[in-house]
>>> print(open('query_4.cif').read())   # mmCIF, C-alpha atoms
data_query
#
loop_
_atom_site.group_PDB
_atom_site.id
_atom_site.type_symbol
_atom_site.label_atom_id
_atom_site.label_comp_id
_atom_site.auth_asym_id
_atom_site.auth_seq_id
_atom_site.Cartn_x
_atom_site.Cartn_y
_atom_site.Cartn_z
ATOM 1 C CA MET A 1 -41.493 119.411 28.823
ATOM 2 C CA ALA A 2 -45.205 119.080 29.707
ATOM 3 C CA ARG A 3 -46.483 115.551 30.213
ATOM 4 C CA ALA A 4 -49.168 114.606 27.765
ATOM 5 C CA GLY A 5 -52.564 114.492 29.547
ATOM 6 C CA LEU A 6 -51.488 116.451 32.693
ATOM 7 C CA ASN A 7 -54.599 117.720 34.483
ATOM 8 C CA LYS A 8 -55.718 119.221 37.708
ATOM 9 C CA PHE A 9 -56.449 115.847 39.283
ATOM 10 C CA ASN A 10 -52.848 114.695 38.717
ATOM 11 C CA VAL A 11 -51.544 117.850 40.396
ATOM 12 C CA GLN A 12 -53.980 117.378 43.298
ATOM 13 C CA GLN A 13 -52.836 113.748 43.769
ATOM 14 C CA ALA A 14 -49.177 114.813 43.792
ATOM 15 C CA ARG A 15 -49.919 117.634 46.291
ATOM 16 C CA ASP A 16 -51.904 115.338 48.594
ATOM 17 C CA THR A 17 -49.105 112.740 48.454
ATOM 18 C CA LEU A 18 -46.558 115.382 49.467
ATOM 19 C CA LEU A 19 -48.825 116.629 52.285
ATOM 20 C CA ALA A 20 -49.256 113.061 53.521
ATOM 21 C CA ARG A 21 -45.460 112.754 53.661
ATOM 22 C CA GLY A 22 -45.195 116.098 55.499
ATOM 23 C CA ILE A 23 -43.539 117.812 52.544
ATOM 24 C CA ASN A 24 -44.469 121.296 51.411
ATOM 25 C CA PRO A 25 -46.245 120.904 48.053
ATOM 26 C CA SER A 26 -44.251 123.518 46.117
ATOM 27 C CA VAL A 27 -44.277 123.720 42.339
ATOM 28 C CA ASP A 28 -40.855 122.022 42.077
ATOM 29 C CA ALA A 29 -41.776 119.304 44.606
ATOM 30 C CA VAL A 30 -45.041 118.580 42.783
ATOM 31 C CA ARG A 31 -43.199 118.511 39.460
ATOM 32 C CA VAL A 32 -40.622 116.054 40.874
ATOM 33 C CA GLU A 33 -43.475 113.926 42.231
ATOM 34 C CA LEU A 34 -44.987 113.950 38.749
ATOM 35 C CA GLY A 35 -41.703 112.573 37.357
ATOM 36 C CA ASN A 36 -40.228 115.887 36.273
ATOM 37 C CA THR A 37 -42.983 116.281 33.766
ATOM 38 C CA GLY A 38 -45.477 119.036 33.210
ATOM 39 C CA SER A 39 -45.109 122.748 32.821
ATOM 40 C CA LYS A 40 -44.362 124.689 36.019
ATOM 41 C CA THR A 41 -46.850 127.338 34.939
ATOM 42 C CA THR A 42 -49.582 124.738 34.571
ATOM 43 C CA ILE A 43 -48.685 123.129 37.903
ATOM 44 C CA HIS A 44 -48.667 126.566 39.619
ATOM 45 C CA ARG A 45 -52.060 127.418 38.124
ATOM 46 C CA TYR A 46 -53.559 124.110 39.287
ATOM 47 C CA LEU A 47 -52.079 124.606 42.793
ATOM 48 C CA LYS A 48 -53.625 128.117 43.018
ATOM 49 C CA GLU A 49 -56.999 126.737 41.987
ATOM 50 C CA LEU A 50 -56.729 123.965 44.606
ATOM 51 C CA GLU A 51 -55.786 126.507 47.341
ATOM 52 C CA ALA A 52 -58.733 128.668 46.319
ATOM 53 C CA GLU A 53 -61.058 125.693 46.568
ATOM 54 C CA ASP A 54 -59.657 124.799 49.993
ATOM 55 C CA ALA A 55 -60.152 128.398 51.182
ATOM 56 C CA THR A 56 -63.746 128.353 49.949
ATOM 57 C CA GLN A 57 -64.381 125.126 51.783
ATOM 58 C CA LEU A 58 -62.913 126.551 55.027
ATOM 59 C CA GLY A 59 -65.106 129.685 54.719
ATOM 60 C CA ASP A 60 -68.150 127.539 54.272
ATOM 61 C CA GLU A 61 -67.271 125.511 57.354
ATOM 62 C CA ALA A 62 -67.595 128.598 59.560
ATOM 63 C CA LEU A 63 -71.256 128.958 58.618
ATOM 64 C CA LEU A 64 -72.079 125.329 59.387
ATOM 65 C CA SER A 65 -73.030 123.801 62.703
ATOM 66 C CA SER A 66 -70.696 121.677 64.724
ATOM 67 C CA ALA A 67 -72.499 118.459 63.767
ATOM 68 C CA LEU A 68 -72.275 119.296 60.116
ATOM 69 C CA LYS A 69 -68.680 120.364 60.499
ATOM 70 C CA ASP A 70 -67.898 117.095 62.185
ATOM 71 C CA MET A 71 -69.672 115.139 59.471
ATOM 72 C CA ILE A 72 -67.993 117.187 56.774
ATOM 73 C CA ALA A 73 -64.635 116.710 58.488
ATOM 74 C CA ARG A 74 -65.161 112.955 58.574
ATOM 75 C CA MET A 75 -66.264 112.926 54.974
ATOM 76 C CA ALA A 76 -63.337 115.141 54.042
ATOM 77 C CA ALA A 77 -60.968 112.809 55.881
ATOM 78 C CA LYS A 78 -62.557 109.840 54.176
ATOM 79 C CA LEU A 79 -62.336 111.549 50.826
ATOM 80 C CA ARG A 80 -58.763 112.502 51.590
ATOM 81 C CA ASP A 81 -57.967 108.909 52.485
ATOM 82 C CA GLU A 82 -59.634 107.681 49.322
ATOM 83 C CA ALA A 83 -57.823 110.369 47.372
ATOM 84 C CA LEU A 84 -54.550 109.352 48.975
ATOM 85 C CA GLN A 85 -55.270 105.685 48.204
ATOM 86 C CA ARG A 86 -56.116 106.564 44.645
ATOM 87 C CA ALA A 87 -53.054 108.769 44.455
ATOM 88 C CA GLU A 88 -50.902 105.973 45.857
ATOM 89 C CA ALA A 89 -52.452 103.456 43.416
ATOM 90 C CA ALA A 90 -51.951 105.910 40.583
ATOM 91 C CA ASN A 91 -48.366 106.487 41.745
ATOM 92 C CA ASN A 92 -47.763 102.735 41.894
ATOM 93 C CA ALA A 93 -49.286 102.340 38.466
ATOM 94 C CA TRP A 94 -47.166 105.215 37.235
ATOM 95 C CA GLN A 95 -44.041 103.670 38.781
ATOM 96 C CA THR A 96 -44.902 100.363 37.153
ATOM 97 C CA GLU A 97 -45.508 102.111 33.868
ATOM 98 C CA LYS A 98 -42.266 104.022 34.380
ATOM 99 C CA THR A 99 -40.385 100.774 35.009
ATOM 100 C CA GLN A 100 -41.986 99.258 31.930
ATOM 101 C CA LEU A 101 -41.150 102.333 29.907
ATOM 102 C CA VAL A 102 -37.534 102.222 31.130
ATOM 103 C CA ALA A 103 -37.378 98.529 30.233
ATOM 104 C CA GLN A 104 -38.947 99.290 26.865
ATOM 105 C CA LEU A 105 -36.444 102.119 26.405
ATOM 106 C CA SER A 106 -33.556 99.766 27.234
ATOM 107 C CA ALA A 107 -35.001 97.160 24.902
ATOM 108 C CA ALA A 108 -35.470 99.823 22.238
ATOM 109 C CA GLN A 109 -31.881 100.984 22.708
ATOM 110 C CA ALA A 110 -30.654 97.368 22.525
ATOM 111 C CA ARG A 111 -32.860 96.843 19.496
ATOM 112 C CA LEU A 112 -31.435 100.043 18.045
ATOM 113 C CA LYS A 113 -27.920 98.661 18.550
ATOM 114 C CA GLU A 114 -28.996 95.382 16.957
ATOM 115 C CA LEU A 115 -30.563 97.296 14.117
ATOM 116 C CA GLY A 116 -27.331 99.262 13.785
ATOM 117 C CA ALA A 117 -25.379 95.994 13.634
ATOM 118 C CA ASP A 118 -27.974 94.605 11.237
ATOM 119 C CA ASN A 119 -27.677 97.777 9.212
ATOM 120 C CA SER A 120 -23.891 97.324 9.033
ATOM 121 C CA ALA A 121 -24.352 93.662 8.126
ATOM 122 C CA LEU A 122 -26.951 94.633 5.540
ATOM 123 C CA ALA A 123 -24.593 97.272 4.172
ATOM 124 C CA SER A 124 -21.813 94.671 3.910
ATOM 125 C CA ARG A 125 -24.257 92.212 2.419
ATOM 126 C CA LEU A 126 -25.471 94.872 0.000
ATOM 127 C CA GLU A 127 -21.874 95.523 -0.989
ATOM 128 C CA ARG A 128 -21.299 91.783 -1.488
ATOM 129 C CA GLU A 129 -24.579 91.460 -3.354
ATOM 130 C CA SER A 130 -23.543 94.378 -5.548
ATOM 131 C CA ALA A 131 -20.236 92.651 -6.277
ATOM 132 C CA VAL A 132 -22.095 89.395 -6.937
ATOM 133 C CA HIS A 133 -24.555 91.305 -9.108
ATOM 134 C CA ASP A 134 -21.691 92.806 -11.107
ATOM 135 C CA GLU A 135 -20.093 89.376 -11.415
ATOM 136 C CA THR A 136 -23.449 87.858 -12.367
ATOM 137 C CA LYS A 137 -23.942 90.598 -14.926
ATOM 138 C CA THR A 138 -20.499 89.833 -16.382
ATOM 139 C CA ARG A 139 -21.237 86.103 -16.365
ATOM 140 C CA LEU A 140 -24.621 86.801 -17.957
ATOM 141 C CA HIS A 141 -22.892 88.710 -20.738
ATOM 142 C CA GLN A 142 -20.444 85.847 -21.185
ATOM 143 C CA SER A 143 -23.362 83.392 -21.156
ATOM 144 C CA GLU A 144 -25.109 85.456 -23.817
ATOM 145 C CA LEU A 145 -21.938 85.331 -25.916
ATOM 146 C CA ARG A 146 -21.682 81.557 -25.361
ATOM 147 C CA ALA A 147 -25.377 81.198 -26.177
ATOM 148 C CA GLU A 148 -24.802 83.091 -29.409
ATOM 149 C CA ARG A 149 -21.870 80.799 -30.249
ATOM 150 C CA PHE A 150 -23.978 77.769 -29.305
ATOM 151 C CA GLU A 151 -26.777 79.041 -31.520
ATOM 152 C CA GLN A 152 -24.350 79.301 -34.422
ATOM 153 C CA GLN A 153 -23.069 75.810 -33.615
ATOM 154 C CA VAL A 154 -26.662 74.539 -33.480
ATOM 155 C CA LYS A 155 -27.318 76.050 -36.891
ATOM 156 C CA GLY A 156 -24.172 74.376 -38.192
ATOM 157 C CA LEU A 157 -25.221 71.082 -36.593
ATOM 158 C CA GLU A 158 -28.713 71.407 -38.056
ATOM 159 C CA GLN A 159 -27.191 71.972 -41.488
ATOM 160 C CA GLN A 160 -24.878 69.003 -40.941
ATOM 161 C CA LEU A 161 -27.859 66.946 -39.742
ATOM 162 C CA ASP A 162 -29.760 67.875 -42.896
ATOM 163 C CA GLU A 163 -26.789 66.804 -45.011
ATOM 164 C CA ASN A 164 -26.477 63.591 -42.985
ATOM 165 C CA GLN A 165 -30.176 62.873 -43.498
ATOM 166 C CA LYS A 166 -29.767 63.374 -47.238
ATOM 167 C CA HIS A 167 -26.705 61.122 -47.170
ATOM 168 C CA LEU A 168 -28.664 58.589 -45.112
ATOM 169 C CA ALA A 169 -31.500 58.667 -47.647
ATOM 170 C CA SER A 170 -28.940 58.084 -50.404
ATOM 171 C CA LEU A 171 -27.435 55.201 -48.423
ATOM 172 C CA GLU A 172 -30.885 53.717 -47.865
ATOM 173 C CA GLU A 173 -31.555 53.923 -51.613
ATOM 174 C CA LYS A 174 -28.208 52.237 -52.284
ATOM 175 C CA HIS A 175 -29.054 49.658 -49.622
ATOM 176 C CA ARG A 176 -32.377 48.906 -51.310
ATOM 177 C CA ASN A 177 -30.623 48.585 -54.663
ATOM 178 C CA SER A 178 -27.977 46.353 -53.083
ATOM 179 C CA ARG A 179 -30.681 44.247 -51.438
ATOM 180 C CA ASP A 180 -32.492 43.887 -54.768
ATOM 181 C CA ALA A 181 -29.209 43.000 -56.470
ATOM 182 C CA LEU A 182 -28.436 40.514 -53.696
ATOM 183 C CA GLU A 183 -31.863 38.942 -54.054
ATOM 184 C CA HIS A 184 -31.351 38.699 -57.807
ATOM 185 C CA PHE A 185 -27.896 37.221 -57.212
ATOM 186 C CA ARG A 186 -29.327 34.701 -54.748
ATOM 187 C CA THR A 187 -31.991 33.689 -57.258
ATOM 188 C CA SER A 188 -29.404 33.393 -60.030
ATOM 189 C CA ALA A 189 -27.029 31.534 -57.718
ATOM 190 C CA GLN A 190 -29.804 29.146 -56.712
ATOM 191 C CA GLU A 191 -30.653 28.498 -60.350
ATOM 192 C CA GLN A 192 -26.948 28.069 -61.116
ATOM 193 C CA ARG A 193 -26.574 25.669 -58.163
ATOM 194 C CA GLN A 194 -29.548 23.688 -59.425
ATOM 195 C CA GLN A 195 -27.998 23.534 -62.899
ATOM 196 C CA GLU A 196 -24.616 22.596 -61.422
ATOM 197 C CA GLN A 197 -26.308 19.959 -59.271
ATOM 198 C CA LEU A 198 -28.003 18.579 -62.376
ATOM 199 C CA ARG A 199 -24.672 18.569 -64.238
ATOM 200 C CA HIS A 200 -23.043 17.037 -61.178
ATOM 201 C CA ASP A 201 -25.636 14.268 -61.025
ATOM 202 C CA THR A 202 -25.206 13.681 -64.758
ATOM 203 C CA GLN A 203 -21.409 13.582 -64.400
ATOM 204 C CA VAL A 204 -21.715 11.183 -61.466
ATOM 205 C CA GLN A 205 -23.955 8.899 -63.484
ATOM 206 C CA GLN A 206 -21.576 9.095 -66.459
ATOM 207 C CA LEU A 207 -18.568 8.397 -64.234
ATOM 208 C CA GLN A 208 -20.364 5.502 -62.588
ATOM 209 C CA ALA A 209 -21.161 4.071 -66.047
ATOM 210 C CA GLU A 210 -17.561 4.618 -67.188
ATOM 211 C CA ILE A 211 -16.260 3.003 -63.989
ATOM 212 C CA ARG A 212 -18.517 0.003 -64.541
ATOM 213 C CA ASN A 213 -17.267 -0.264 -68.134
ATOM 214 C CA LEU A 214 -13.657 0.113 -66.961
ATOM 215 C CA ASN A 215 -14.185 -2.555 -64.318
ATOM 216 C CA GLN A 216 -15.651 -4.895 -66.910
ATOM 217 C CA THR A 217 -12.812 -4.106 -69.353
ATOM 218 C CA LEU A 218 -10.296 -4.596 -66.548
ATOM 219 C CA ILE A 219 -11.803 -7.983 -65.729
ATOM 220 C CA VAL A 220 -11.640 -9.010 -69.403
ATOM 221 C CA LYS A 221 -8.059 -7.758 -69.713
ATOM 222 C CA GLN A 222 -7.071 -9.539 -66.530
ATOM 223 C CA SER A 223 -8.599 -12.758 -67.922
ATOM 224 C CA GLU A 224 -6.720 -12.262 -71.187
ATOM 225 C CA LEU A 225 -3.517 -11.537 -69.248
ATOM 226 C CA THR A 226 -4.018 -14.696 -67.236
ATOM 227 C CA GLN A 227 -4.521 -16.682 -70.441
ATOM 228 C CA LEU A 228 -1.441 -15.056 -71.986
ATOM 229 C CA ASN A 229 0.572 -15.929 -68.920
ATOM 230 C CA ARG A 230 -0.602 -19.500 -69.239
ATOM 231 C CA ASP A 231 0.231 -19.567 -72.973
ATOM 232 C CA ASN A 232 3.612 -18.006 -72.290
ATOM 233 C CA ALA A 233 4.309 -20.605 -69.648
ATOM 234 C CA SER A 234 3.384 -23.338 -72.129
ATOM 235 C CA LEU A 235 5.559 -21.749 -74.825
ATOM 236 C CA VAL A 236 8.439 -21.398 -72.402
ATOM 237 C CA GLY A 237 8.113 -25.079 -71.554
ATOM 238 C CA GLU A 238 7.904 -26.047 -75.205
ATOM 239 C CA VAL A 239 10.891 -23.857 -76.092
ATOM 240 C CA GLY A 240 12.834 -25.409 -73.269
ATOM 241 C CA GLU A 241 11.935 -28.873 -74.475
ATOM 242 C CA HIS A 242 12.946 -28.009 -78.052
ATOM 243 C CA ARG A 243 16.207 -26.512 -76.829
ATOM 244 C CA LYS A 244 16.858 -29.675 -74.885
ATOM 245 C CA GLN A 245 16.118 -31.742 -78.016
ATOM 246 C CA ALA A 246 18.331 -29.420 -80.081
ATOM 247 C CA LYS A 247 21.186 -29.916 -77.659
ATOM 248 C CA GLN A 248 20.671 -33.672 -77.808
ATOM 249 C CA LEU A 249 20.616 -33.521 -81.623
ATOM 250 C CA GLU A 250 23.773 -31.416 -81.645
ATOM 251 C CA LYS A 251 25.410 -33.912 -79.369
ATOM 252 C CA SER A 252 24.196 -36.798 -81.531
ATOM 253 C CA LEU A 253 25.291 -34.944 -84.677
ATOM 254 C CA SER A 254 28.717 -34.424 -83.204
ATOM 255 C CA GLU A 255 28.954 -38.058 -82.396
ATOM 256 C CA LYS A 256 27.660 -38.990 -85.819
ATOM 257 C CA THR A 257 30.195 -36.689 -87.441
ATOM 258 C CA LYS A 258 32.980 -38.374 -85.551
ATOM 259 C CA GLN A 259 31.681 -41.752 -86.641
ATOM 260 C CA ALA A 260 31.321 -40.637 -90.266
ATOM 261 C CA ASP A 261 34.962 -41.140 -90.822
ATOM 262 C CA LEU A 262 34.600 -44.719 -89.665
ATOM 263 C CA ALA A 263 31.662 -45.731 -91.786
ATOM 264 C CA SER A 264 30.278 -44.289 -94.955
ATOM 265 C CA ASP A 265 26.899 -45.934 -94.528
ATOM 266 C CA THR A 266 26.186 -43.617 -91.724
ATOM 267 C CA ASN A 267 26.001 -40.613 -94.062
ATOM 268 C CA THR A 268 22.375 -41.231 -94.631
ATOM 269 C CA LYS A 269 21.697 -41.261 -90.912
ATOM 270 C CA LEU A 270 23.845 -38.185 -90.517
ATOM 271 C CA LEU A 271 21.854 -36.353 -93.140
ATOM 272 C CA ALA A 272 18.664 -37.428 -91.452
ATOM 273 C CA VAL A 273 19.931 -36.213 -88.110
ATOM 274 C CA THR A 274 21.105 -32.975 -89.704
ATOM 275 C CA GLU A 275 17.720 -32.414 -91.288
ATOM 276 C CA GLU A 276 16.038 -33.204 -87.991
ATOM 277 C CA LYS A 277 18.346 -30.733 -86.276
ATOM 278 C CA ASN A 278 17.600 -28.078 -88.856
ATOM 279 C CA ALA A 279 13.897 -28.731 -88.408
ATOM 280 C CA LEU A 280 14.298 -28.434 -84.660
ATOM 281 C CA ASP A 281 16.272 -25.207 -85.115
ATOM 282 C CA SER A 282 13.547 -23.809 -87.338
ATOM 283 C CA ARG A 283 10.930 -24.899 -84.857
ATOM 284 C CA LEU A 284 12.985 -23.423 -82.018
ATOM 285 C CA GLN A 285 13.405 -20.141 -83.896
ATOM 286 C CA SER A 286 9.696 -20.073 -84.654
ATOM 287 C CA LEU A 287 8.855 -20.767 -81.023
ATOM 288 C CA SER A 288 11.328 -18.087 -79.920
ATOM 289 C CA SER A 289 9.709 -15.557 -82.248
ATOM 290 C CA THR A 290 6.281 -16.587 -81.029
ATOM 291 C CA LEU A 291 7.474 -16.334 -77.434
ATOM 292 C CA GLU A 292 8.883 -12.845 -78.029
ATOM 293 C CA THR A 293 5.628 -11.825 -79.695
ATOM 294 C CA GLU A 294 3.619 -13.211 -76.809
ATOM 295 C CA LEU A 295 5.933 -11.488 -74.326
ATOM 296 C CA GLU A 296 5.430 -8.198 -76.155
ATOM 297 C CA LYS A 297 1.671 -8.775 -76.082
ATOM 298 C CA ASN A 298 1.946 -9.624 -72.413
ATOM 299 C CA MET A 299 3.896 -6.403 -71.750
ATOM 300 C CA ALA A 300 1.380 -4.393 -73.769
ATOM 301 C CA MET A 301 -1.413 -6.058 -71.837
ATOM 302 C CA VAL A 302 0.278 -5.209 -68.520
ATOM 303 C CA LEU A 303 0.701 -1.579 -69.607
ATOM 304 C CA SER A 304 -2.925 -1.480 -70.738
ATOM 305 C CA LEU A 305 -4.025 -2.928 -67.409
ATOM 306 C CA ALA A 306 -1.913 -0.344 -65.539
ATOM 307 C CA LYS A 307 -3.421 2.426 -67.655
ATOM 308 C CA LEU A 308 -6.924 1.093 -67.039
ATOM 309 C CA GLN A 309 -6.189 0.818 -63.302
ATOM 310 C CA THR A 310 -4.884 4.415 -63.224
ATOM 311 C CA GLU A 311 -7.919 5.659 -65.128
ATOM 312 C CA LEU A 312 -10.158 3.682 -62.790
ATOM 313 C CA ASP A 313 -8.443 5.234 -59.737
ATOM 314 C CA VAL A 314 -8.867 8.735 -61.218
ATOM 315 C CA LYS A 315 -12.540 8.071 -61.941
ATOM 316 C CA ASN A 316 -13.094 6.737 -58.415
ATOM 317 C CA ALA A 317 -11.368 9.796 -56.875
ATOM 318 C CA LEU A 318 -13.456 12.134 -59.031
ATOM 319 C CA LEU A 319 -16.604 10.208 -58.109
ATOM 320 C CA GLU A 320 -15.693 10.492 -54.413
ATOM 321 C CA LYS A 321 -15.224 14.283 -54.735
ATOM 322 C CA LEU A 322 -18.518 14.620 -56.555
ATOM 323 C CA SER A 323 -20.223 12.507 -53.884
ATOM 324 C CA ILE A 324 -18.814 14.765 -51.134
ATOM 325 C CA ARG A 325 -20.224 17.832 -52.891
#
>>> encode(input="query_4.cif", output="structure tokens")
Amino acid sequence: MARAGLNKFNVQQARDTLLARGINPSVDAVRVELGNTGSKTTIHRYLKELEAEDATQLGDEALLSSALKDMIARMAAKLRDEALQRAEAANNAWQTEKTQLVAQLSAAQARLKELGADNSALASRLERESAVHDETKTRLHQSELRAERFEQQVKGLEQQLDENQKHLASLEEKHRNSRDALEHFRTSAQEQRQQEQLRHDTQVQQLQAEIRNLNQTLIVKQSELTQLNRDNASLVGEVGEHRKQAKQLEKSLSEKTKQADLASDTNTKLLAVTEEKNALDSRLQSLSSTLETELEKNMAMVLSLAKLQTELDVKNALLEKLSIR
């Protein structure tokens, strides 16, 4: 395989390097020196041209003088040395480039292996991504189905929300009506409370007047009862005195009766005593009747006082309840 850019100068440098080493610059040796690159035909052609040039230079040297030959020889040696130096520098540069190329080749091969591994990893990843894509596609389809169901649910909820709003509007209307009714009830209740308070105040005043009248009546009745008790006590004393006198008259009459058999003139006295006894009996009976009547009046008065006291207690309790309200 011919090296790109192989020219006559490269072949000359390789030949001069081989000559400097004491090696015959054959086509194969020159090609090896060039790194096994270049066409043998091209190398052979360049070598023939270089030999022809050398032969021409040697023929020209025979025509020159010794001084010129010496000068030409020195210049040729100098040129050869420079050519050898350039050839050596070029060889070193080529070796360096070769080393770099080998390193680059190794790096490229390593990179190729890495790329192969990356390619395998990418293939595995692609396979996983394909599986994930299929799964995602399935999940997307399921999500679309769920979204469709959700959309239907949203429509149902919107319809329910509309119904709830209508129901709420109805409730608000009922609430307004209830509030108006409550306000009317409060106004009516306040008016009723005012009327009840007025009736209550009137009842309290009436009860207070009735209680005052009952207290006055009770005082009068108690005074009358006290007077009746006094009269009854006087009647009881008088009845007792008359009973004592009646007993004395009975005793005297008994004695007079016993003495009547002894003396007839005592009949008149006996009749007088008898009449006095009868008068005392009548008086005693009258006093007893009066006492019974007074006792009945006293009992009636006590009952009336008890009734008045009960009525007064009821009125006071009712007045206390009304006062608490």
>>> resolve_selection(input="query_4.cif", expression="the PyMOL selection byres ((chain A and resi 14-19) around 9)", output="JSON, numbers by chain")
{"A": [9, 10, 11, 12, 13, 20, 21, 22, 23, 24, 25, 26, 29, 30, 31, 33, 34, 47, 80, 83, 84, 87, 88, 91]}
>>> resolve_selection(input="query_4.cif", expression="the PyMOL selection byres ((chain A and resi 287-289) around 9)", output="MDAnalysis selection string")
chainID A and resid 235:236 238:239 242 282:286 290:294
>>> axis_aligned_box(input="query_4.cif", around="stretch 165-170 of chain A", padding_each_side="6 Å", output="lines of an AutoDock Vina configuration file")
center_x = -29.1
center_y = 60.7
center_z = -47.0
size_x = 16.8
size_y = 17.3
size_z = 18.9
>>> residues_around(input="query_4.cif", residues="A:Lys247", least_positions_apart="5", cutoff="10 Å", atoms="only C-alpha atoms", output="list in words")
Glu241, His242, Ser252, Leu253, Lys277 and Leu280 of chain A
>>> residues_around(input="query_4.cif", residues="stretch 303-310 of chain A", least_positions_apart="5", cutoff="8 Å", atoms="all atoms listed in the file", output="list in words")
Leu214, Leu218, Lys221 and Gln222 of chain A
>>> write_last_selection(input="query_4.cif", atoms="C-alpha atoms", output="mmCIF file, in the coordinates of the input")
data_model
loop_
_atom_site.group_PDB
_atom_site.id
_atom_site.type_symbol
_atom_site.label_atom_id
_atom_site.label_comp_id
_atom_site.auth_asym_id
_atom_site.auth_seq_id
_atom_site.Cartn_x
_atom_site.Cartn_y
_atom_site.Cartn_z
ATOM 1 C CA LEU A 214 -13.657 0.113 -66.961
ATOM 2 C CA LEU A 218 -10.296 -4.596 -66.548
ATOM 3 C CA LYS A 221 -8.059 -7.758 -69.713
ATOM 4 C CA GLN A 222 -7.071 -9.539 -66.530
#
>>> residues_near_point(input="query_4.cif", point="(-18.7, 8.5, -56.2)", cutoff="12 Å", atoms="only C-alpha atoms", output="list of chain:residue names")
A:His200, A:Asp201, A:Thr202, A:Gln203, A:Val204, A:Gln205, A:Gln206, A:Leu207, A:Gln208, A:Ala209, A:Glu210, A:Ile211, A:Arg212, A:Leu312, A:Asp313, A:Val314, A:Lys315, A:Asn316, A:Ala317, A:Leu318, A:Leu319, A:Glu320, A:Lys321, A:Leu322, A:Ser323, A:Ile324, A:Arg325
>>> residues_near_point(input="query_4.cif", point="(-50.6, 122.6, 32.0)", cutoff="9 Å", atoms="only C-alpha atoms", output="list in words")
Ala2, Arg3, Gly5, Leu6, Asn7, Lys8, Gly38, Ser39, Lys40, Thr41, Thr42, Ile43, His44, Arg45 and Tyr46 of chain A
>>> atom_distance(input="query_4.cif", atom1="atom CA of A:His175", atom2="atom CA of A:Gln190")
21.7 Å
>>> atom_distance(input="query_4.cif", atom1="atom CA of A:Asn215", atom2="atom CA of A:Glu311")
10.4 Å
>>> atom_distance(input="query_4.cif", atom1="atom CA of A:Met299", atom2="atom CA of A:Asp231")
13.7 Å
>>> build_atoms(input="query_4.cif", residues="stretch 186-199 of chain A", atoms="N, CA and C atoms", output="PDB file, keeping the file's coordinate frame")
ATOM      1  N   ARG A 186     -28.963  35.945 -55.428  1.00  0.00           N
ATOM      2  CA  ARG A 186     -29.327  34.701 -54.748  1.00  0.00           C
ATOM      3  C   ARG A 186     -30.186  33.819 -55.647  1.00  0.00           C
ATOM      4  N   THR A 187     -31.140  34.468 -56.349  1.00  0.00           N
ATOM      5  CA  THR A 187     -31.991  33.689 -57.258  1.00  0.00           C
ATOM      6  C   THR A 187     -31.154  33.071 -58.373  1.00  0.00           C
ATOM      7  N   SER A 188     -30.266  33.909 -58.951  1.00  0.00           N
ATOM      8  CA  SER A 188     -29.404  33.393 -60.030  1.00  0.00           C
ATOM      9  C   SER A 188     -28.483  32.300 -59.507  1.00  0.00           C
ATOM     10  N   ALA A 189     -27.929  32.534 -58.293  1.00  0.00           N
ATOM     11  CA  ALA A 189     -27.029  31.534 -57.718  1.00  0.00           C
ATOM     12  C   ALA A 189     -27.768  30.230 -57.445  1.00  0.00           C
ATOM     13  N   GLN A 190     -29.030  30.361 -56.971  1.00  0.00           N
ATOM     14  CA  GLN A 190     -29.804  29.146 -56.712  1.00  0.00           C
ATOM     15  C   GLN A 190     -30.073  28.390 -58.008  1.00  0.00           C
ATOM     16  N   GLU A 191     -30.438  29.150 -59.058  1.00  0.00           N
ATOM     17  CA  GLU A 191     -30.653  28.498 -60.350  1.00  0.00           C
ATOM     18  C   GLU A 191     -29.360  27.860 -60.858  1.00  0.00           C
ATOM     19  N   GLN A 192     -28.233  28.615 -60.672  1.00  0.00           N
ATOM     20  CA  GLN A 192     -26.948  28.069 -61.116  1.00  0.00           C
ATOM     21  C   GLN A 192     -26.583  26.826 -60.323  1.00  0.00           C
ATOM     22  N   ARG A 193     -26.856  26.854 -58.979  1.00  0.00           N
ATOM     23  CA  ARG A 193     -26.574  25.669 -58.163  1.00  0.00           C
ATOM     24  C   ARG A 193     -27.426  24.483 -58.605  1.00  0.00           C
ATOM     25  N   GLN A 194     -28.690  24.774 -58.953  1.00  0.00           N
ATOM     26  CA  GLN A 194     -29.548  23.688 -59.425  1.00  0.00           C
ATOM     27  C   GLN A 194     -29.009  23.103 -60.732  1.00  0.00           C
ATOM     28  N   GLN A 195     -28.572  24.022 -61.643  1.00  0.00           N
ATOM     29  CA  GLN A 195     -27.998  23.534 -62.899  1.00  0.00           C
ATOM     30  C   GLN A 195     -26.708  22.755 -62.654  1.00  0.00           C
ATOM     31  N   GLU A 196     -25.859  23.303 -61.740  1.00  0.00           N
ATOM     32  CA  GLU A 196     -24.616  22.596 -61.422  1.00  0.00           C
ATOM     33  C   GLU A 196     -24.903  21.251 -60.771  1.00  0.00           C
ATOM     34  N   GLN A 197     -25.950  21.224 -59.904  1.00  0.00           N
ATOM     35  CA  GLN A 197     -26.308  19.959 -59.271  1.00  0.00           C
ATOM     36  C   GLN A 197     -26.776  18.948 -60.314  1.00  0.00           C
ATOM     37  N   LEU A 198     -27.546  19.466 -61.305  1.00  0.00           N
ATOM     38  CA  LEU A 198     -28.003  18.579 -62.376  1.00  0.00           C
ATOM     39  C   LEU A 198     -26.814  18.061 -63.181  1.00  0.00           C
ATOM     40  N   ARG A 199     -25.872  19.004 -63.516  1.00  0.00           N
ATOM     41  CA  ARG A 199     -24.672  18.569 -64.238  1.00  0.00           C
ATOM     42  C   ARG A 199     -23.853  17.603 -63.386  1.00  0.00           C
TER      43      ARG A 199
END
